[in-house]
$ cat structure32.txt   # compact mmCIF, C-alpha atoms
# COMPACT_ATOMS: atom_id res chain seq x y z
CA MET A 1 115.42 -22.46 82.11
CA ARG A 2 118.74 -22.23 80.24
CA MET A 3 120.38 -23.97 83.19
CA LEU A 4 117.87 -26.84 83.11
CA ILE A 5 118.31 -27.26 79.36
CA SER A 6 122.10 -27.34 79.80
CA ILE A 7 121.98 -29.96 82.55
CA LEU A 8 119.51 -32.07 80.53
CA ALA A 9 121.62 -31.84 77.35
CA GLY A 10 124.81 -32.70 79.25
CA SER A 11 123.09 -35.64 80.95
CA LEU A 12 121.81 -37.02 77.64
CA PHE A 13 125.26 -36.55 76.09
CA GLY A 14 126.95 -38.39 78.97
CA THR A 15 124.37 -41.19 78.99
CA GLY A 16 124.70 -41.63 75.23
CA LEU A 17 128.49 -41.77 75.40
CA LEU A 18 128.35 -44.38 78.17
CA ILE A 19 125.70 -46.59 76.52
CA SER A 20 127.27 -46.39 73.06
CA GLY A 21 130.63 -47.57 74.39
CA MET A 22 132.44 -44.43 73.28
CA THR A 23 134.11 -44.03 76.67
CA ASP A 24 135.83 -47.37 75.97
CA THR A 25 139.08 -46.46 74.23
CA THR A 26 139.28 -49.99 72.74
CA LYS A 27 136.21 -49.26 70.57
CA VAL A 28 137.48 -45.86 69.46
CA LEU A 29 140.96 -47.16 68.61
CA GLY A 30 139.25 -50.10 66.89
CA TRP A 31 137.37 -47.65 64.65
CA LEU A 32 140.63 -45.90 63.73
CA ASP A 33 142.45 -49.21 63.20
CA VAL A 34 141.56 -49.76 59.54
CA PHE A 35 144.55 -52.09 59.01
CA GLY A 36 143.71 -54.25 62.03
CA ASN A 37 140.52 -55.65 63.54
CA TRP A 38 138.31 -52.75 62.40
CA ASP A 39 135.37 -51.86 64.69
CA PRO A 40 132.56 -49.91 62.96
CA THR A 41 130.65 -49.05 66.19
CA LEU A 42 131.64 -45.37 66.07
CA ALA A 43 129.94 -44.97 62.68
CA PHE A 44 126.65 -46.18 64.23
CA VAL A 45 127.07 -43.72 67.10
CA MET A 46 127.83 -40.82 64.76
CA GLY A 47 124.95 -41.81 62.47
CA GLY A 48 122.56 -42.09 65.40
CA ALA A 49 123.60 -38.71 66.75
CA ILE A 50 123.23 -36.98 63.39
CA ILE A 51 119.57 -38.10 62.93
CA PRO A 52 117.98 -35.89 65.66
CA MET A 53 120.27 -33.03 64.65
CA LEU A 54 119.12 -33.16 61.01
CA PHE A 55 115.61 -32.42 62.27
CA ALA A 56 116.86 -29.85 64.78
CA TRP A 57 118.69 -27.81 62.14
CA ARG A 58 115.54 -27.85 59.96
CA LEU A 59 113.56 -26.46 62.88
CA THR A 60 115.94 -23.51 63.26
CA THR A 61 114.86 -21.81 60.02
CA ASN A 62 112.87 -18.63 60.65
CA ARG A 63 112.69 -19.41 64.36
CA GLN A 64 114.35 -18.37 67.60
CA PRO A 65 115.81 -20.55 70.32
CA LEU A 66 113.28 -21.37 73.06
CA THR A 67 115.07 -19.11 75.55
CA GLY A 68 115.49 -16.26 73.06
CA GLY A 69 118.49 -14.90 71.21
CA HIS A 70 119.68 -16.24 67.89
CA PHE A 71 120.82 -19.51 66.42
CA PRO A 72 124.53 -19.68 65.61
CA PRO A 73 125.23 -18.39 62.08
CA LYS A 74 126.53 -20.91 59.57
CA SER A 75 130.29 -20.63 59.06
CA THR A 76 131.69 -19.54 55.73
CA PRO A 77 132.90 -22.49 53.65
CA GLU A 78 136.63 -21.93 53.98
CA MET A 79 139.44 -24.24 54.92
CA ASN A 80 142.16 -22.44 56.80
CA ARG A 81 145.43 -23.50 58.39
CA ARG A 82 143.95 -23.52 61.87
CA LEU A 83 141.17 -25.92 60.89
CA ILE A 84 143.49 -28.33 59.11
CA LEU A 85 146.50 -28.20 61.47
CA GLY A 86 144.34 -28.17 64.60
CA SER A 87 142.29 -31.14 63.41
CA THR A 88 145.50 -32.99 62.52
CA LEU A 89 146.91 -32.47 66.03
CA PHE A 90 143.57 -33.49 67.55
CA GLY A 91 143.43 -36.64 65.39
CA MET A 92 146.96 -37.62 66.43
CA GLY A 93 146.07 -37.30 70.12
CA TRP A 94 142.79 -39.15 69.54
CA GLY A 95 144.66 -41.99 67.84
CA LEU A 96 147.24 -42.18 70.65
CA ALA A 97 144.83 -42.69 73.54
CA GLY A 98 141.34 -43.17 72.05
CA LEU A 99 139.82 -40.29 74.01
CA CYS A 100 138.28 -37.06 72.71
CA PRO A 101 136.93 -34.24 74.91
CA GLY A 102 133.35 -35.53 75.42
CA PRO A 103 134.23 -39.08 76.51
CA ALA A 104 137.20 -37.78 78.55
CA LEU A 105 134.71 -35.78 80.64
CA ALA A 106 131.95 -38.42 80.68
CA SER A 107 134.33 -41.12 81.98
CA LEU A 108 135.92 -38.90 84.64
CA SER A 109 134.17 -40.76 87.48
CA TYR A 110 135.34 -44.22 86.34
CA GLY A 111 138.41 -43.61 84.16
CA GLY A 112 140.87 -43.95 87.04
CA ILE A 113 143.98 -41.87 87.55
CA GLY A 114 144.88 -42.16 83.83
CA GLY A 115 141.63 -40.43 82.89
CA VAL A 116 142.32 -37.62 85.35
CA ILE A 117 145.86 -37.17 83.98
CA PHE A 118 144.47 -37.08 80.43
CA LEU A 119 141.96 -34.38 81.40
CA ILE A 120 144.65 -32.26 83.10
CA ALA A 121 146.93 -32.58 80.04
CA MET A 122 143.98 -31.71 77.75
CA ILE A 123 143.22 -28.58 79.80
CA ALA A 124 146.92 -27.64 79.63
CA GLY A 125 146.75 -28.01 75.85
CA MET A 126 143.65 -25.79 75.75
CA VAL A 127 145.45 -23.15 77.83
CA ALA A 128 148.42 -23.22 75.44
CA ALA A 129 146.24 -23.19 72.28
CA PRO A 130 145.90 -19.39 71.79
CA SER A 131 149.67 -18.79 71.77
CA VAL A 132 150.39 -21.88 69.64
CA GLY A 133 147.64 -20.81 67.23
CA ALA A 134 149.15 -17.33 66.95
CA GLN A 135 152.53 -18.94 66.25
CA LEU A 136 150.94 -20.92 63.41
CA ASP A 137 149.50 -17.73 61.94
CA ARG A 138 152.89 -16.00 62.10
CA SER A 139 154.68 -18.87 60.38
CA ALA A 140 152.07 -18.71 57.62
CA ASN A 141 152.61 -14.99 57.06
CA PRO A 142 156.26 -14.22 57.82
CA ALA A 143 156.82 -10.48 58.19
CA MET B 1 129.16 -57.59 67.92
CA GLN B 2 125.74 -56.64 66.56
CA THR B 3 124.53 -55.81 70.09
CA GLU B 4 127.35 -53.28 70.25
CA TRP B 5 126.18 -51.69 66.99
CA ILE B 6 122.60 -51.38 68.32
CA LEU B 7 123.85 -49.91 71.61
CA GLY B 8 126.02 -47.57 69.54
CA LEU B 9 123.02 -46.42 67.50
CA GLY B 10 120.84 -46.02 70.61
CA GLY B 11 123.55 -44.15 72.50
CA GLY B 12 124.15 -42.03 69.41
CA LEU B 13 120.44 -41.09 69.27
CA LEU B 14 120.65 -39.91 72.91
CA ILE B 15 123.75 -37.83 72.09
CA GLY B 16 121.93 -36.28 69.13
CA LEU B 17 118.84 -35.64 71.25
CA GLY B 18 121.02 -33.80 73.79
CA ALA B 19 122.58 -31.74 70.99
CA ALA B 20 119.13 -30.96 69.53
CA ILE B 21 117.75 -29.82 72.91
CA TYR B 22 120.83 -27.65 73.50
CA LEU B 23 120.49 -26.08 70.04
CA LEU B 24 116.72 -25.52 70.00
CA GLY B 25 116.56 -24.55 73.68
CA ASN B 26 119.63 -22.42 74.24
CA GLY B 27 120.64 -21.69 70.65
CA ARG B 28 124.11 -23.12 71.17
CA ILE B 29 126.27 -25.75 69.48
CA MET B 30 126.84 -28.74 71.76
CA GLY B 31 130.60 -29.04 71.42
CA ALA B 32 132.52 -30.55 74.34
CA SER B 33 135.82 -28.81 73.55
CA GLY B 34 134.14 -25.44 73.02
CA ILE B 35 132.09 -25.59 76.24
CA LEU B 36 135.10 -26.64 78.35
CA GLY B 37 137.49 -24.34 76.45
CA GLY B 38 135.29 -21.28 76.97
CA LEU B 39 135.27 -21.93 80.71
CA ILE B 40 139.07 -22.24 80.71
CA ASP B 41 140.04 -19.24 78.61
CA GLY B 42 137.34 -17.05 80.14
CA SER B 43 135.56 -16.29 76.84
CA ASP B 44 132.33 -17.66 78.34
CA ARG B 45 132.21 -18.56 82.02
CA SER B 46 128.42 -18.70 82.26
CA LEU B 47 126.97 -20.99 84.92
CA GLU B 48 124.96 -22.87 82.31
CA ARG B 49 128.22 -24.27 80.92
CA LEU B 50 129.03 -25.64 84.37
CA GLY B 51 125.54 -27.14 84.42
CA PHE B 52 126.23 -28.86 81.11
CA LEU B 53 129.50 -30.31 82.47
CA ALA B 54 127.74 -31.37 85.68
CA GLY B 55 125.26 -33.40 83.60
CA LEU B 56 127.97 -34.79 81.32
CA ILE B 57 130.17 -35.95 84.21
CA GLY B 58 127.45 -36.65 86.79
CA MET B 59 124.99 -38.76 84.78
CA PRO B 60 127.52 -41.50 83.88
CA LEU B 61 128.56 -41.51 87.57
CA LEU B 62 124.94 -42.19 88.59
CA LEU B 63 124.19 -44.68 85.81
CA ARG B 64 127.31 -46.77 85.76
CA PRO B 65 126.36 -49.04 88.68
CA LEU B 66 123.11 -49.91 86.84
CA ILE B 67 124.79 -50.83 83.59
CA SER B 68 126.28 -54.28 83.38
CA PRO B 69 128.77 -55.46 82.46
CA ALA B 70 130.66 -52.64 84.10
CA THR B 71 132.16 -50.40 81.49
CA GLU B 72 135.88 -49.87 81.44
CA THR B 73 137.80 -47.20 79.58
CA HIS B 74 140.77 -49.54 78.89
CA LEU B 75 142.99 -46.46 78.73
CA THR B 76 146.66 -47.27 78.15
CA GLY B 77 148.77 -47.51 81.29
CA ASN B 78 151.61 -45.69 79.52
CA ILE B 79 151.43 -42.30 81.24
CA THR B 80 153.70 -40.61 78.68
CA ILE B 81 151.26 -41.54 75.90
CA VAL B 82 148.31 -40.34 78.04
CA ILE B 83 149.95 -36.95 78.66
CA VAL B 84 151.05 -36.41 75.03
CA ALA B 85 147.59 -37.47 73.81
CA GLY B 86 145.82 -35.12 76.22
CA LEU B 87 148.03 -32.18 75.23
CA LEU B 88 147.44 -32.83 71.51
CA VAL B 89 143.65 -33.19 71.94
CA GLY B 90 143.44 -29.97 74.00
CA LEU B 91 145.65 -27.99 71.63
CA GLY B 92 144.16 -29.33 68.41
CA THR B 93 140.48 -28.97 69.31
CA ARG B 94 140.93 -25.35 70.42
CA ILE B 95 143.03 -24.40 67.39
CA ALA B 96 140.52 -26.07 65.03
CA ASN B 97 137.63 -24.70 67.11
CA GLY B 98 135.85 -28.03 67.52
CA CYS B 99 136.00 -31.76 68.17
CA THR B 100 133.92 -34.87 67.50
CA SER B 101 130.74 -33.36 68.95
CA GLY B 102 130.93 -29.79 67.58
CA HIS B 103 132.52 -30.38 64.16
CA GLY B 104 131.34 -34.00 63.92
CA VAL B 105 127.76 -34.34 65.20
CA CYS B 106 126.62 -30.71 64.90
CA GLY B 107 128.70 -29.77 61.82
CA ILE B 108 127.97 -32.78 59.62
CA SER B 109 124.22 -32.63 60.34
CA ARG B 110 124.22 -28.98 59.23
CA LEU B 111 126.20 -29.93 56.12
CA SER B 112 128.81 -27.45 57.31
CA PHE B 113 131.82 -27.49 55.01
CA ARG B 114 134.22 -26.77 57.87
CA GLY B 115 132.67 -29.43 60.10
CA ILE B 116 132.89 -32.10 57.41
CA ALA B 117 136.45 -31.09 56.43
CA ALA B 118 137.62 -31.13 60.07
CA THR B 119 136.01 -34.54 60.67
CA LEU B 120 137.72 -36.06 57.62
CA VAL B 121 141.08 -34.62 58.72
CA TYR B 122 140.97 -35.80 62.34
CA ILE B 123 139.75 -39.27 61.40
CA ALA B 124 142.55 -39.55 58.81
CA ALA B 125 145.16 -38.27 61.29
CA GLY B 126 143.87 -40.70 63.94
CA GLY B 127 143.92 -43.59 61.45
CA VAL B 128 147.52 -42.87 60.43
CA THR B 129 148.54 -42.55 64.10
CA VAL B 130 147.00 -45.92 65.02
CA ALA B 131 148.50 -47.60 61.94
CA LEU B 132 151.99 -46.33 62.77
CA LEU B 133 151.87 -46.89 66.52
CA ARG B 134 150.14 -50.25 66.47
CA HIS B 135 151.32 -51.93 63.30
CA VAL B 136 154.69 -50.30 62.57
CA TRP B 137 156.15 -49.44 65.99
CA GLY B 138 154.02 -51.72 68.19
CA LEU B 139 153.58 -49.05 70.90
CA ILE B 140 149.82 -49.25 71.53
$ encode --input "structure32.txt" --output "structure tokens"
Amino acid sequence: MRMLISILAGSLFGTGLLISGMTDTTKVLGWLDVFGNWDPTLAFVMGGAIIPMLFAWRLTTNRQPLTGGHFPPKSTPEMNRRLILGSTLFGMGWGLAGLCPGPALASLSYGGIGGVIFLIAMIAGMVAAPSVGAQLDRSANPA
Amino acid sequence: MQTEWILGLGGGLLIGLGAAIYLLGNGRIMGASGILGGLIDGSDRSLERLGFLAGLIGMPLLLRPLISPATETHLTGNITIVIVAGLLVGLGTRIANGCTSGHGVCGISRLSFRGIAATLVYIAAGGVTVALLRHVWGLI
């Protein structure tokens, strides 16, 4: 059951990314290009995606997931270095190529060799993240 | 232009529906970087994550021939930029513990402070990057 739900969710995610045009880096870079020919499409995609999730979060109160277990606890409202610095690095990479993790995966079958190279580099970055993150923590609290 | 907005909204609704099914069904946050990252660092190598990726990669593969005009990613041909961008996206999303789907779609809809803060930061960083590279240095 959990497997079926995962495949269904992934399929809907991939279909939505393809239909919405979010695997087209021109649209994503156009959204970020506020000083150029600004493209608001991404705001419609984000808005559309938030609507079902508003209802979904409401349904989680005093309930359990269908397959049992618990819903993820809400994070404490704190801004830390990792959140800010990590999101800054992510935003810089996003602005360079116009790809974030979801669309990079969804477009794997039609993104050409460039898309494959991006995915390999992204995985390399994910492998390096724990040690870079620890380095950030150390520089924040020098012994 | 307006067709693109409607397709954006429709595609967005499908993304949100996927996230809602994943949350209500499996009790998990649908975050692309977290699902892939957990498989890579070994924190969660459950088969269901592979199933999620199979759907995410496989469904566009099946659907693309049906959708016209054929979609293109228009990714830059500058391989250096592609590699640097990939490294930054992989590093940043794992250090910040989320990307556009986890912090963005799932975080904002929960009114999560961290999700909203992260989203504002990565959009601002992306906007500055595009402004510098496109309008100041003319690289992209």
$ closest_residue --input "structure32.txt" --among "A:Ala134, A:Leu83, A:Ala128, A:Leu29" --to "His103 (chain B)" --atoms "all atoms listed in the file"
A:Leu83
$ residues_around --input "structure32.txt" --residues "Gly27 (chain B)" --least-positions-apart "4" --cutoff "6 Å" --atoms "only C-alpha atoms" --output "JSON, numbers by chain"
{"A": [65, 71], "B": [23]}
$ closest_residue --input "structure32.txt" --among "B:Tyr122, B:Leu139, B:Arg28, B:Gly51" --to "Val89 (chain B)" --atoms "all atoms listed in the file"
B:Tyr122
$ residues_around --input "structure32.txt" --residues "Cys106 (chain B)" --least-positions-apart "2" --cutoff "8 Å" --atoms "all atoms listed in the file" --output "list in words"
Ile50 and Met53 of chain A; Ala19, Ile29, Met30, Gly31, Ser101, Gly102, His103, Gly104, Ile108, Ser109, Arg110 and Gly115 of chain B
$ residues_near_point --input "structure32.txt" --point "(119.2, -50.4, 65.6)" --cutoff "12 Å" --atoms "all atoms listed in the file" --output "NGL selection string"
(:A and (20 or 41 or 44-45 or 47-48)) or (:B and (2-13))
$ atom_distance --input "structure32.txt" --atom1 "CA of Val130 (chain B)" --atom2 "CA of Arg114 (chain B)"
24.1 Å
$ closest_residue --input "structure32.txt" --among "B:Gly107, B:Gly98, B:Gly34, B:Gly25" --to "chain A" --atoms "all atoms listed in the file"
B:Gly25
$ residues_around --input "structure32.txt" --residues "region 10-15 of chain A" --least-positions-apart "4" --cutoff "7 Å" --atoms "all atoms listed in the file" --output "PDB file with C-alpha atoms, in the frame of the given file"
ATOM      1  CA  SER A   6     122.100 -27.340  79.800  1.00  0.00           C
ATOM      2  CA  ILE A  19     125.700 -46.590  76.520  1.00  0.00           C
ATOM      3  CA  ALA A 106     131.950 -38.420  80.680  1.00  0.00           C
TER       4      ALA A 106
ATOM      5  CA  LEU B  14     120.650 -39.910  72.910  1.00  0.00           C
ATOM      6  CA  ILE B  15     123.750 -37.830  72.090  1.00  0.00           C
ATOM      7  CA  GLY B  18     121.020 -33.800  73.790  1.00  0.00           C
ATOM      8  CA  PHE B  52     126.230 -28.860  81.110  1.00  0.00           C
ATOM      9  CA  LEU B  53     129.500 -30.310  82.470  1.00  0.00           C
ATOM     10  CA  GLY B  55     125.260 -33.400  83.600  1.00  0.00           C
ATOM     11  CA  LEU B  56     127.970 -34.790  81.320  1.00  0.00           C
ATOM     12  CA  ILE B  57     130.170 -35.950  84.210  1.00  0.00           C
ATOM     13  CA  MET B  59     124.990 -38.760  84.780  1.00  0.00           C
ATOM     14  CA  PRO B  60     127.520 -41.500  83.880  1.00  0.00           C
TER      15      PRO B  60
END
$ closest_residue --input "structure32.txt" --among "A:Leu18, A:Ser87, A:Gly30, A:Ile5" --to "Pro103 (chain A)" --atoms "only C-alpha atoms"
A:Leu18
$ atom_distance --input "structure32.txt" --atom1 "CA of Thr76 (chain A)" --atom2 "CA of Ser112 (chain B)"
8.6 Å
$ atom_distance --input "structure32.txt" --atom1 "CA of Leu87 (chain B)" --atom2 "CA of Phe118 (chain A)"
8.0 Å
$ residues_around --input "structure32.txt" --residues "region 78-80 of chain A" --least-positions-apart "3" --cutoff "12 Å" --atoms "all atoms listed in the file" --output "ChimeraX atom specification"
/A:74-75,83-87,133,136-137,140 /B:95-97,112-118,121
$ residues_around --input "structure32.txt" --residues "Asp41 (chain B)" --least-positions-apart "6" --cutoff "12 Å" --atoms "only C-alpha atoms" --output "list in words"
Ile123, Ala124, Gly125, Met126, Val127, Ala128, Ala129, Pro130 and Ser131 of chain A; Ser33, Gly34, Ile35 and Arg94 of chain B
$ closest_residue --input "structure32.txt" --among "B:Ala125, B:Ile140, B:Leu36, B:Ala54" --to "Ala9 (chain A)" --atoms "only C-alpha atoms"
B:Ala54
$ closest_residue --input "structure32.txt" --among "B:Pro65, B:Gly138, B:Gly126, B:Cys99" --to "chain A" --atoms "only C-alpha atoms"
B:Gly126
$ residues_near_point --input "structure32.txt" --point "(111.3, -14.3, 76.5)" --cutoff "12 Å" --atoms "only C-alpha atoms" --output "list in words"
Met1, Arg2, Gln64, Pro65, Leu66, Thr67, Gly68 and Gly69 of chain A; Gly25 and Asn26 of chain B
$ decode --input "structure32.txt" --residues "region 88-99 of chain B" --atoms "all heavy atoms" --output "PDB file, in the first residue's frame"
ATOM      1  N   LEU B  88      25.743  23.259  -6.196  1.00  0.00           N
ATOM      2  CA  LEU B  88      25.127  24.204  -5.258  1.00  0.00           C
ATOM      3  C   LEU B  88      23.731  23.744  -4.841  1.00  0.00           C
ATOM      4  O   LEU B  88      23.364  23.828  -3.658  1.00  0.00           O
ATOM      5  CB  LEU B  88      25.052  25.600  -5.883  1.00  0.00           C
ATOM      6  CG  LEU B  88      26.366  26.381  -5.982  1.00  0.00           C
ATOM      7  CD1 LEU B  88      26.177  27.620  -6.852  1.00  0.00           C
ATOM      8  CD2 LEU B  88      26.855  26.776  -4.593  1.00  0.00           C
ATOM      9  N   VAL B  89      22.939  23.247  -5.806  1.00  0.00           N
ATOM     10  CA  VAL B  89      21.571  22.802  -5.489  1.00  0.00           C
ATOM     11  C   VAL B  89      21.619  21.592  -4.542  1.00  0.00           C
ATOM     12  O   VAL B  89      20.884  21.531  -3.557  1.00  0.00           O
ATOM     13  CB  VAL B  89      20.787  22.471  -6.780  1.00  0.00           C
ATOM     14  CG1 VAL B  89      19.475  21.763  -6.459  1.00  0.00           C
ATOM     15  CG2 VAL B  89      20.514  23.743  -7.574  1.00  0.00           C
ATOM     16  N   GLY B  90      22.529  20.633  -4.827  1.00  0.00           N
ATOM     17  CA  GLY B  90      22.638  19.457  -3.971  1.00  0.00           C
ATOM     18  C   GLY B  90      23.093  19.821  -2.566  1.00  0.00           C
ATOM     19  O   GLY B  90      22.490  19.392  -1.569  1.00  0.00           O
ATOM     20  N   LEU B  91      24.142  20.625  -2.488  1.00  0.00           N
ATOM     21  CA  LEU B  91      24.673  21.059  -1.191  1.00  0.00           C
ATOM     22  C   LEU B  91      23.630  21.846  -0.400  1.00  0.00           C
ATOM     23  O   LEU B  91      23.324  21.533   0.758  1.00  0.00           O
ATOM     24  CB  LEU B  91      25.849  22.012  -1.432  1.00  0.00           C
ATOM     25  CG  LEU B  91      27.284  21.576  -1.250  1.00  0.00           C
ATOM     26  CD1 LEU B  91      28.204  22.775  -1.494  1.00  0.00           C
ATOM     27  CD2 LEU B  91      27.517  21.004   0.138  1.00  0.00           C
ATOM     28  N   GLY B  92      23.100  22.884  -1.051  1.00  0.00           N
ATOM     29  CA  GLY B  92      22.206  23.818  -0.371  1.00  0.00           C
ATOM     30  C   GLY B  92      20.931  23.157   0.131  1.00  0.00           C
ATOM     31  O   GLY B  92      20.519  23.387   1.268  1.00  0.00           O
ATOM     32  N   THR B  93      20.313  22.305  -0.689  1.00  0.00           N
ATOM     33  CA  THR B  93      19.038  21.713  -0.269  1.00  0.00           C
ATOM     34  C   THR B  93      19.235  20.750   0.893  1.00  0.00           C
ATOM     35  O   THR B  93      18.382  20.647   1.769  1.00  0.00           O
ATOM     36  CB  THR B  93      18.339  20.971  -1.426  1.00  0.00           C
ATOM     37  OG1 THR B  93      19.252  20.038  -2.020  1.00  0.00           O
ATOM     38  CG2 THR B  93      17.849  21.936  -2.475  1.00  0.00           C
ATOM     39  N   ARG B  94      20.378  20.065   0.938  1.00  0.00           N
ATOM     40  CA  ARG B  94      20.610  19.140   2.050  1.00  0.00           C
ATOM     41  C   ARG B  94      20.990  19.889   3.321  1.00  0.00           C
ATOM     42  O   ARG B  94      20.595  19.487   4.419  1.00  0.00           O
ATOM     43  CB  ARG B  94      21.675  18.101   1.685  1.00  0.00           C
ATOM     44  CG  ARG B  94      21.200  17.081   0.691  1.00  0.00           C
ATOM     45  CD  ARG B  94      19.915  16.389   1.129  1.00  0.00           C
ATOM     46  NE  ARG B  94      20.142  15.268   2.023  1.00  0.00           N
ATOM     47  CZ  ARG B  94      19.211  14.730   2.797  1.00  0.00           C
ATOM     48  NH1 ARG B  94      17.988  15.230   2.813  1.00  0.00           N
ATOM     49  NH2 ARG B  94      19.486  13.701   3.568  1.00  0.00           N
ATOM     50  N   ILE B  95      21.760  20.981   3.176  1.00  0.00           N
ATOM     51  CA  ILE B  95      22.138  21.759   4.363  1.00  0.00           C
ATOM     52  C   ILE B  95      20.901  22.457   4.936  1.00  0.00           C
ATOM     53  O   ILE B  95      20.700  22.496   6.146  1.00  0.00           O
ATOM     54  CB  ILE B  95      23.255  22.774   4.011  1.00  0.00           C
ATOM     55  CG1 ILE B  95      24.569  22.022   3.766  1.00  0.00           C
ATOM     56  CG2 ILE B  95      23.436  23.806   5.129  1.00  0.00           C
ATOM     57  CD1 ILE B  95      25.697  22.888   3.256  1.00  0.00           C
ATOM     58  N   ALA B  96      20.043  22.969   4.056  1.00  0.00           N
ATOM     59  CA  ALA B  96      18.825  23.661   4.509  1.00  0.00           C
ATOM     60  C   ALA B  96      17.691  22.686   4.793  1.00  0.00           C
ATOM     61  O   ALA B  96      16.636  23.075   5.267  1.00  0.00           O
ATOM     62  CB  ALA B  96      18.382  24.677   3.464  1.00  0.00           C
ATOM     63  N   ASN B  97      17.912  21.404   4.459  1.00  0.00           N
ATOM     64  CA  ASN B  97      16.916  20.365   4.711  1.00  0.00           C
ATOM     65  C   ASN B  97      15.615  20.560   3.928  1.00  0.00           C
ATOM     66  O   ASN B  97      14.526  20.294   4.446  1.00  0.00           O
ATOM     67  CB  ASN B  97      16.623  20.280   6.219  1.00  0.00           C
ATOM     68  CG  ASN B  97      16.108  18.914   6.623  1.00  0.00           C
ATOM     69  OD1 ASN B  97      16.307  17.944   5.885  1.00  0.00           O
ATOM     70  ND2 ASN B  97      15.442  18.834   7.747  1.00  0.00           N
ATOM     71  N   GLY B  98      15.721  21.031   2.688  1.00  0.00           N
ATOM     72  CA  GLY B  98      14.506  21.148   1.886  1.00  0.00           C
ATOM     73  C   GLY B  98      14.694  21.989   0.646  1.00  0.00           C
ATOM     74  O   GLY B  98      15.638  22.766   0.558  1.00  0.00           O
ATOM     75  N   CYS B  99      13.772  21.799  -0.311  1.00  0.00           N
ATOM     76  CA  CYS B  99      13.861  22.565  -1.564  1.00  0.00           C
ATOM     77  C   CYS B  99      12.506  23.171  -1.882  1.00  0.00           C
ATOM     78  O   CYS B  99      11.708  23.460  -0.993  1.00  0.00           O
ATOM     79  CB  CYS B  99      14.369  21.681  -2.699  1.00  0.00           C
ATOM     80  SG  CYS B  99      13.355  20.216  -3.018  1.00  0.00           S
TER      81      CYS B  99
END
